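For reference, the structure is listed below as structure tokens.
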Amino acid sequence: MKKLLAVLLTVCMLSTLWAAIAVADEKPTIVVNTFAQEHEKAMYEEVIKQFEEENNCIVDFRVSGDQYWPELEASLTAGNAPDVFYLGLADVRKRVWTGAVAALDDLLDVSTLNTIWPEALNLYKYDAETNTMGEGKIYGLPKDFSAVSMTVNKAIIKKRDAEIKQAVADGILPFYPEIDANGNLPVYTFTEFAELCKILTFEDPTLPETAGSKQVYGTHLWEDFTLPPFIWGAGGEYLNEDATQVLFNSDKFIEGYEGFMKIVELGGSGSSTDETSGYLKFLAGRCAYFPCGTWDVAAFQAIEDDEAVNPGKSWFDFDVAPWPISDSYKDLSIEERQDKWAGRVDSVGFCVSAQSKYPELAAKFAYQMSANEDVQRFLAKKGGQLPNIVAMAEGEYLTDDSYFPETRVVFVRMLQGQNGHRVPTVPTWNALWYSEGFISGVGSVWSYYEKKDAGVQPMSCREYCESIQDNAQQLLQDSIDDMEAMRP
Amino acid sequence: MQQAVRKKVTAPDLRQRGLNYRQKDALWGYALIAIPLIGMLFFVVIPFGMSVYSSFTSWPMGQPIEKAKMVGLKNYVDMFNNKLFWQSLGNTFFYMIGIPIGLAISLILAAAMNRGTRSEKVFRVIYYVPVISSVVAITFVFQQIFNADVGIINEGLRSIGIADPPNWMSHAGYTKWVIIILSVWKGLGSSIILYIAGMQGISRSYYEAAQVDGANWWQTFTRITLPLLMPVTFYLIVTSVIGGAQMYVEPRLMFTGNGPANSTFTTVIHLYDRTFVNSKAGYGSAVAVFLAVIIFILTLIQFKVNGKGDK
């Protein structure tokens, strides 16, 4: 019995000692929770490995899928937030008010952040005293400063070269859809773009069997993601300047919406309003123009470069292009049109949890991902994002041919502010005025323009915009009231 | 004999604790039922209580619930005044059309697979595969199947001379049926297994007696099999209605946003969007409570109807 007790005691002591040694030797661990596509995840893992080696720490890198935001909300509500997580632009105030995020000014030398896009950094500044965004302390560092332009499949343009040239000769199109000798982007009006899409809608017998169909479309549009550039291209807005009034029934908004639907009506767009089928068509070489986020280019480039499936870029050769503009600009020269188009610029930031056990390390991680030159070069060269560092984006990113796509100047112009526009829901407390107030009823407009019974009452753009105005305004007011109720 | 053995084992404990046999027995009983009861308390009763409480508040998601402000019945009033909520509820009930369709198909297939042939097990496995398959993969496959341009359904319709087949994924009149077909197909396997188990539990003597009385296959099926499978059918209806009322994953994955003309917008999607996307957890809780009440009433009605049937 005594022997047994002695053995047990020894085992206990050894295990305690081992545990103590293990604790002493334990590296600091930070949990980083993000969302990413597969190719982005692979890029980040490489960068994180380097960070772990340099800082003798462990980064528990977790990638969530579609459920990222609800999972994050749940973990924040439960007081179990990751050390580093994404901060959405519309959430900055809320996270500060609930004490969920730490001010990075207290954890980093923020003077070193002057190399990154000031517009992007300002998105994460908030002065709680005056309730002013864009000023005060920094609560996040941009993971990226993204832009959404049009993508064009030049292989399709090439196949319709004769028809397009004829349209230019006939005066239907003012110029060929490519950057001219002076570097001007081919900015079309709504009607011109609709005509171009009509030309690009045809049956292509040369497409491989894997395309599924020989039918090619000019473009594929859906309101939630691709309508805003049309509204801005017409000089309209979704909200007034201080985000207290919805402008759906304004003439410029309606003009932009009508321009959008004209493209649906005149030619090009498939009859499906959903994103997925358009994306699949584009990847199969069956859609000439499609929206392109900066995060998409790596996947598009992979198809373009795959000689086995796309020999000689025969059916997929992508580049980026500007969005169309109002018909009222039809008499402007190509030079005069350059500043008239706009696409969405957006950002998501790395922030540090106020509950983090290692806030300095977490902040250092955020800095490394956001502002480190080598990391930015690595990510940009992989096509994951545009460089956050201004000098790099305006310099080597444009001049070094190892970056892609060819017309990446389109993205840079958007970040520089000439052609970039913030997402309309960013300044509001919630997006119900937009999602329920506007998007939920757009099927009526499709029914009207496609002249197809989609099971809802057909309405013109004007009729629809006027019919939803009051409800959308009420939802916006509710959102403002909710914000005021929560404000500390 | 059993008592003697039990006495022998438990005697020292009884002396130490001063508990008699009955008390000891009761203690063990309480201890054992305490485990699921505590689980139920923490995972059902308390969350439901919090949902009811938060439905009377303006609780913004991401903030501790104790900081939420009371707003009385505002969330319920907003919900009842919201046309989208009623549309989502209508869609949710529409999807339940798939329940009787699924049960009828399951019953027929189960009867066909309960005839003692060799290939039955193979078919049972085949029909069960969708149940254990990833819903993400299934929805992707269905997107392809119902694709207007290249889907095999429309290819088939074109091959038989229908030049302009339906746009399944873009027309509000068809999208709900796509979801119903998917749900029925995915749920067949588990219903078939339960029906087969039920059929195999029916005593052979009933069938033999019917045979002696000269009953044909149809009479045997409708007078013996079907009535004796009522408990299984009842169970399947109750669980399907509860599951149907919580429809979320399939329409969300199959369609962008709420589908054309909000045709795939269900009550749980409404709840989710309001709670997690727009941070209105108080309103979301009101929807959840209302849905729970509806499910409770529907289940109660089913129990009543089933009770009358038993009598």
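Identifiers in this document derive from the order of the structure tokens: chains are assigned A, B, ..., residues are numbered from 1 separately in each chain, and ligands are numbered from 1 in order of occurrence.
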Shell around region 162-176 of chain A at 9 Å using only C-alpha atoms, local window under 3 positions removed, as a PyMOL selection string: chain A and resi 157-159+179-180+186+188+192-193+195-196+199-200+330+333-334
Using only C-alpha atoms, what does the table of chain A residues within 9 Å of chain B look like, with each row giving the shortest atom pair and its distance in Å to one decimal, sorted by chain and ascending number, as a tab-separated table?
residue	atom	partner	partner_atom	distance
A:Trp69	CA	B:Phe276	CA	7.3
A:Pro70	CA	B:Phe276	CA	5.3
A:Glu71	CA	B:Phe276	CA	8.9
A:Leu72	CA	B:Gly62	CA	8.6
A:Glu73	CA	B:Gly62	CA	5.3
A:Ala74	CA	B:Gly62	CA	7.0
A:Ser75	CA	B:Gly62	CA	8.3
A:Leu76	CA	B:Gly62	CA	5.6
A:Thr77	CA	B:Gly62	CA	4.6
A:Ala78	CA	B:Pro64	CA	7.9
A:Gly79	CA	B:Pro64	CA	8.7
A:Lys94	CA	B:Gly62	CA	8.3
A:Arg95	CA	B:Gly62	CA	8.1
A:Thr98	CA	B:Gln63	CA	6.1
A:Ala100	CA	B:Gly62	CA	8.7
A:Gly212	CA	B:Val150	CA	5.7
A:Ser213	CA	B:Val150	CA	6.1
A:Gln215	CA	B:Asp149	CA	8.3
A:Asp224	CA	B:Gly257	CA	8.5
A:Ser271	CA	B:Ser170	CA	7.5
A:Ser272	CA	B:Ser170	CA	5.4
A:Thr273	CA	B:Ser170	CA	6.6
A:Asp274	CA	B:Thr256	CA	5.3
A:Glu275	CA	B:Thr256	CA	6.3
A:Thr276	CA	B:Thr256	CA	7.4
A:Ser277	CA	B:Asn147	CA	7.9
A:Trp429	CA	B:Asn278	CA	8.1
A:Asn430	CA	B:Asn278	CA	5.0
A:Ala431	CA	B:Asn278	CA	6.3
A:Leu432	CA	B:Asn278	CA	6.8
A:Glu436	CA	B:Leu84	CA	7.8
A:Ile439	CA	B:Gly257	CA	8.8
A:Ser440	CA	B:Asn262	CA	6.3
A:Gly441	CA	B:Ala261	CA	6.1
A:Val442	CA	B:Ala261	CA	7.0
A:Gly443	CA	B:Ala261	CA	4.6
A:Ser444	CA	B:Ala261	CA	7.1
A:Lys452	CA	B:His171	CA	8.9
A:Asp453	CA	B:His171	CA	7.8
A:Ala454	CA	B:His171	CA	4.9
A:Gly455	CA	B:Ala172	CA	5.4
A:Val456	CA	B:Ala261	CA	6.5
A:Asp482	CA	B:Ser58	CA	7.8
A:Ala485	CA	B:Lys69	CA	8.4
A:Met486	CA	B:Pro60	CA	8.0
Requested write-out: C-alpha atoms of the selected residues, as a compact mmCIF listing (two decimals), in the first residue's frame:
# COMPACT_ATOMS: atom_id res chain seq x y z
CA TRP A 69 -20.49 38.38 -38.78
CA PRO A 70 -23.14 36.50 -36.77
CA GLU A 71 -20.46 34.35 -35.18
CA LEU A 72 -18.53 37.48 -34.28
CA GLU A 73 -21.64 39.12 -32.83
CA ALA A 74 -22.27 36.03 -30.76
CA SER A 75 -18.71 35.90 -29.43
CA LEU A 76 -18.76 39.63 -28.61
CA THR A 77 -22.10 39.30 -26.85
CA ALA A 78 -20.75 36.34 -24.88
CA GLY A 79 -17.60 38.31 -23.94
CA LYS A 94 -21.06 50.50 -32.02
CA ARG A 95 -17.87 48.64 -31.11
CA THR A 98 -19.79 48.82 -26.20
CA ALA A 100 -15.38 45.92 -27.54
CA GLY A 212 -22.19 24.49 -70.56
CA SER A 213 -23.80 26.65 -73.24
CA GLN A 215 -24.85 31.66 -75.30
CA ASP A 224 -27.52 44.90 -54.42
CA SER A 271 -32.62 37.27 -67.25
CA SER A 272 -31.45 36.00 -63.91
CA THR A 273 -31.14 38.57 -61.17
CA ASP A 274 -28.91 36.54 -58.95
CA GLU A 275 -25.20 36.88 -58.48
CA THR A 276 -24.17 33.23 -58.60
CA SER A 277 -25.37 32.40 -62.10
CA TRP A 429 -26.67 52.42 -37.88
CA ASN A 430 -28.32 49.56 -39.70
CA ALA A 431 -29.09 48.83 -43.34
CA LEU A 432 -32.83 48.09 -43.14
CA GLU A 436 -35.95 46.04 -46.66
CA ILE A 439 -33.81 45.88 -52.34
CA SER A 440 -36.69 43.71 -51.14
CA GLY A 441 -39.08 44.97 -53.85
CA VAL A 442 -36.90 45.29 -56.93
CA GLY A 443 -38.48 42.22 -58.53
CA SER A 444 -41.35 44.49 -59.59
CA LYS A 452 -42.16 38.82 -67.85
CA ASP A 453 -44.55 37.81 -65.14
CA ALA A 454 -42.34 37.25 -62.14
CA GLY A 455 -45.27 36.89 -59.78
CA VAL A 456 -45.21 40.53 -58.66
CA ASP A 482 -31.86 53.14 -32.44
CA ALA A 485 -30.95 55.22 -27.89
CA MET A 486 -27.73 53.30 -27.65
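If you count only C-alpha atoms and ignore residues fewer than 6 places along the chain from region 107-121 of chain B, what sits within 8 Å of it is Ser191, Ile192, Ile193, Tyr195, Ile196, Met199 and Gln200 of chain B.
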Output N, CA and C atoms for every residue in the selection just made, as a PDB file, in the first residue's frame.
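Output (selection_6.pdb):
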ATOM      1  N   SER B 191     -37.470   9.462 -43.766  1.00  0.00           N
ATOM      2  CA  SER B 191     -38.877   9.060 -43.656  1.00  0.00           C
ATOM      3  C   SER B 191     -39.040   7.594 -44.086  1.00  0.00           C
ATOM      4  N   ILE B 192     -38.342   7.230 -45.164  1.00  0.00           N
ATOM      5  CA  ILE B 192     -38.448   5.853 -45.666  1.00  0.00           C
ATOM      6  C   ILE B 192     -37.978   4.869 -44.597  1.00  0.00           C
ATOM      7  N   ILE B 193     -36.843   5.175 -43.962  1.00  0.00           N
ATOM      8  CA  ILE B 193     -36.292   4.274 -42.923  1.00  0.00           C
ATOM      9  C   ILE B 193     -37.304   4.104 -41.794  1.00  0.00           C
ATOM     10  N   TYR B 195     -40.563   4.561 -41.917  1.00  0.00           N
ATOM     11  CA  TYR B 195     -41.733   3.814 -42.385  1.00  0.00           C
ATOM     12  C   TYR B 195     -41.424   2.316 -42.505  1.00  0.00           C
ATOM     13  N   ILE B 196     -40.246   2.003 -43.008  1.00  0.00           N
ATOM     14  CA  ILE B 196     -39.888   0.583 -43.135  1.00  0.00           C
ATOM     15  C   ILE B 196     -39.840  -0.065 -41.748  1.00  0.00           C
ATOM     16  N   MET B 199     -43.321  -0.617 -40.658  1.00  0.00           N
ATOM     17  CA  MET B 199     -43.952  -1.740 -41.387  1.00  0.00           C
ATOM     18  C   MET B 199     -43.459  -3.084 -40.856  1.00  0.00           C
ATOM     19  N   GLN B 200     -42.181  -3.114 -40.534  1.00  0.00           N
ATOM     20  CA  GLN B 200     -41.641  -4.380 -40.038  1.00  0.00           C
ATOM     21  C   GLN B 200     -42.103  -4.686 -38.614  1.00  0.00           C
TER      22      GLN B 200
END
Nearest candidate to Leu103 (chain B) (options B:Gly201, B:Gly243, B:Gly189, B:Pro227; using only C-alpha atoms): B:Gly189
Neighbour list for Leu386 (chain A) as a ChimeraX atom specification, cut-off 12 Å, only C-alpha atoms, skip fewer than 3 positions in-chain: /A:116-117,142-148,293-298,345-347,370,375-383,389-398,403-405,408-415
Residues near region 45-56 of chain A, cut-off 12 Å, only C-alpha atoms, skip fewer than 6 positions along chain, as a ChimeraX atom specification: /A:25-32,34,36,38-39,62-63,360-362,364-370,372-379,382
Sel. of alpha helix (DSSP H) residues, region 30-132 of chain B, as a PyMOL selection string: chain B and resi 30-40+46-54+74-81+83-95+98-112+120-132
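Using only C-alpha atoms, the residues found no farther than 8 Å from Val426 (chain A), other than those of its own chain fewer than 4 positions away, are Leu89, Ala90 and Arg422 of chain A.
Interatomic distance, CA of Lys313 (chain A) against CA of Ile156 (chain A): 10.5 Å.
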Neighbour list for Asn310 (chain A) as a ChimeraX atom specification, cut-off 12 Å, only C-alpha atoms, skip fewer than 4 positions in-chain: /A:155,206-208,210-211,283-285,300-306,314-318
Residues of the last selection are to be written out with N, CA and C atoms, as an mmCIF file, in the first residue's frame.
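Saved the output as out04.cif:
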data_model
loop_
_atom_site.group_PDB
_atom_site.id
_atom_site.type_symbol
_atom_site.label_atom_id
_atom_site.label_comp_id
_atom_site.auth_asym_id
_atom_site.auth_seq_id
_atom_site.Cartn_x
_atom_site.Cartn_y
_atom_site.Cartn_z
ATOM 1 N N ALA A 155 -11.404 38.501 -74.471
ATOM 2 C CA ALA A 155 -11.531 37.446 -75.494
ATOM 3 C C ALA A 155 -12.875 37.582 -76.211
ATOM 4 N N THR A 206 -17.413 28.614 -80.646
ATOM 5 C CA THR A 206 -16.025 28.237 -80.333
ATOM 6 C C THR A 206 -15.803 27.969 -78.848
ATOM 7 N N LEU A 207 -16.792 28.244 -78.038
ATOM 8 C CA LEU A 207 -16.614 28.026 -76.594
ATOM 9 C C LEU A 207 -16.428 26.538 -76.302
ATOM 10 N N PRO A 208 -15.595 26.207 -75.321
ATOM 11 C CA PRO A 208 -15.414 24.786 -74.994
ATOM 12 C C PRO A 208 -16.696 24.184 -74.395
ATOM 13 N N THR A 210 -17.071 22.727 -71.727
ATOM 14 C CA THR A 210 -17.151 22.979 -70.285
ATOM 15 C C THR A 210 -17.942 24.252 -69.959
ATOM 16 N N ALA A 211 -18.133 25.114 -70.963
ATOM 17 C CA ALA A 211 -18.885 26.358 -70.724
ATOM 18 C C ALA A 211 -20.355 26.056 -70.427
ATOM 19 N N LEU A 283 -17.077 33.221 -65.369
ATOM 20 C CA LEU A 283 -15.936 32.304 -65.267
ATOM 21 C C LEU A 283 -15.902 31.307 -66.429
ATOM 22 N N ALA A 284 -17.052 31.094 -67.076
ATOM 23 C CA ALA A 284 -17.114 30.149 -68.199
ATOM 24 C C ALA A 284 -16.887 30.848 -69.540
ATOM 25 N N GLY A 285 -16.594 32.150 -69.479
ATOM 26 C CA GLY A 285 -16.360 32.891 -70.722
ATOM 27 C C GLY A 285 -17.644 33.239 -71.439
ATOM 28 N N PHE A 300 -9.453 35.234 -61.074
ATOM 29 C CA PHE A 300 -9.607 35.464 -62.512
ATOM 30 C C PHE A 300 -8.274 35.232 -63.251
ATOM 31 N N GLN A 301 -7.196 35.696 -62.627
ATOM 32 C CA GLN A 301 -5.890 35.548 -63.268
ATOM 33 C C GLN A 301 -5.524 34.072 -63.403
ATOM 34 N N ALA A 302 -5.905 33.281 -62.409
ATOM 35 C CA ALA A 302 -5.590 31.843 -62.438
ATOM 36 C C ALA A 302 -6.244 31.179 -63.656
ATOM 37 N N ILE A 303 -7.467 31.583 -63.965
ATOM 38 C CA ILE A 303 -8.138 30.994 -65.139
ATOM 39 C C ILE A 303 -7.440 31.474 -66.418
ATOM 40 N N GLU A 304 -7.149 32.778 -66.420
ATOM 41 C CA GLU A 304 -6.516 33.342 -67.619
ATOM 42 C C GLU A 304 -5.192 32.639 -67.937
ATOM 43 N N ASP A 305 -4.435 32.331 -66.863
ATOM 44 C CA ASP A 305 -3.107 31.748 -67.058
ATOM 45 C C ASP A 305 -3.113 30.236 -67.255
ATOM 46 N N ASP A 306 -4.270 29.610 -67.084
ATOM 47 C CA ASP A 306 -4.307 28.152 -67.164
ATOM 48 C C ASP A 306 -4.336 27.711 -68.634
ATOM 49 N N SER A 314 -7.930 31.892 -75.179
ATOM 50 C CA SER A 314 -8.918 31.860 -76.262
ATOM 51 C C SER A 314 -10.324 32.242 -75.821
ATOM 52 N N TRP A 315 -10.659 31.961 -74.567
ATOM 53 C CA TRP A 315 -12.022 32.327 -74.143
ATOM 54 C C TRP A 315 -12.059 33.132 -72.847
ATOM 55 N N PHE A 316 -10.893 33.318 -72.217
ATOM 56 C CA PHE A 316 -10.900 34.139 -70.993
ATOM 57 C C PHE A 316 -9.632 34.973 -70.920
ATOM 58 N N ASP A 317 -9.799 36.280 -71.033
ATOM 59 C CA ASP A 317 -8.667 37.203 -70.992
ATOM 60 C C ASP A 317 -9.180 38.466 -70.306
ATOM 61 N N PHE A 318 -9.038 38.500 -68.994
ATOM 62 C CA PHE A 318 -9.755 39.550 -68.269
ATOM 63 C C PHE A 318 -8.915 40.821 -68.048
#
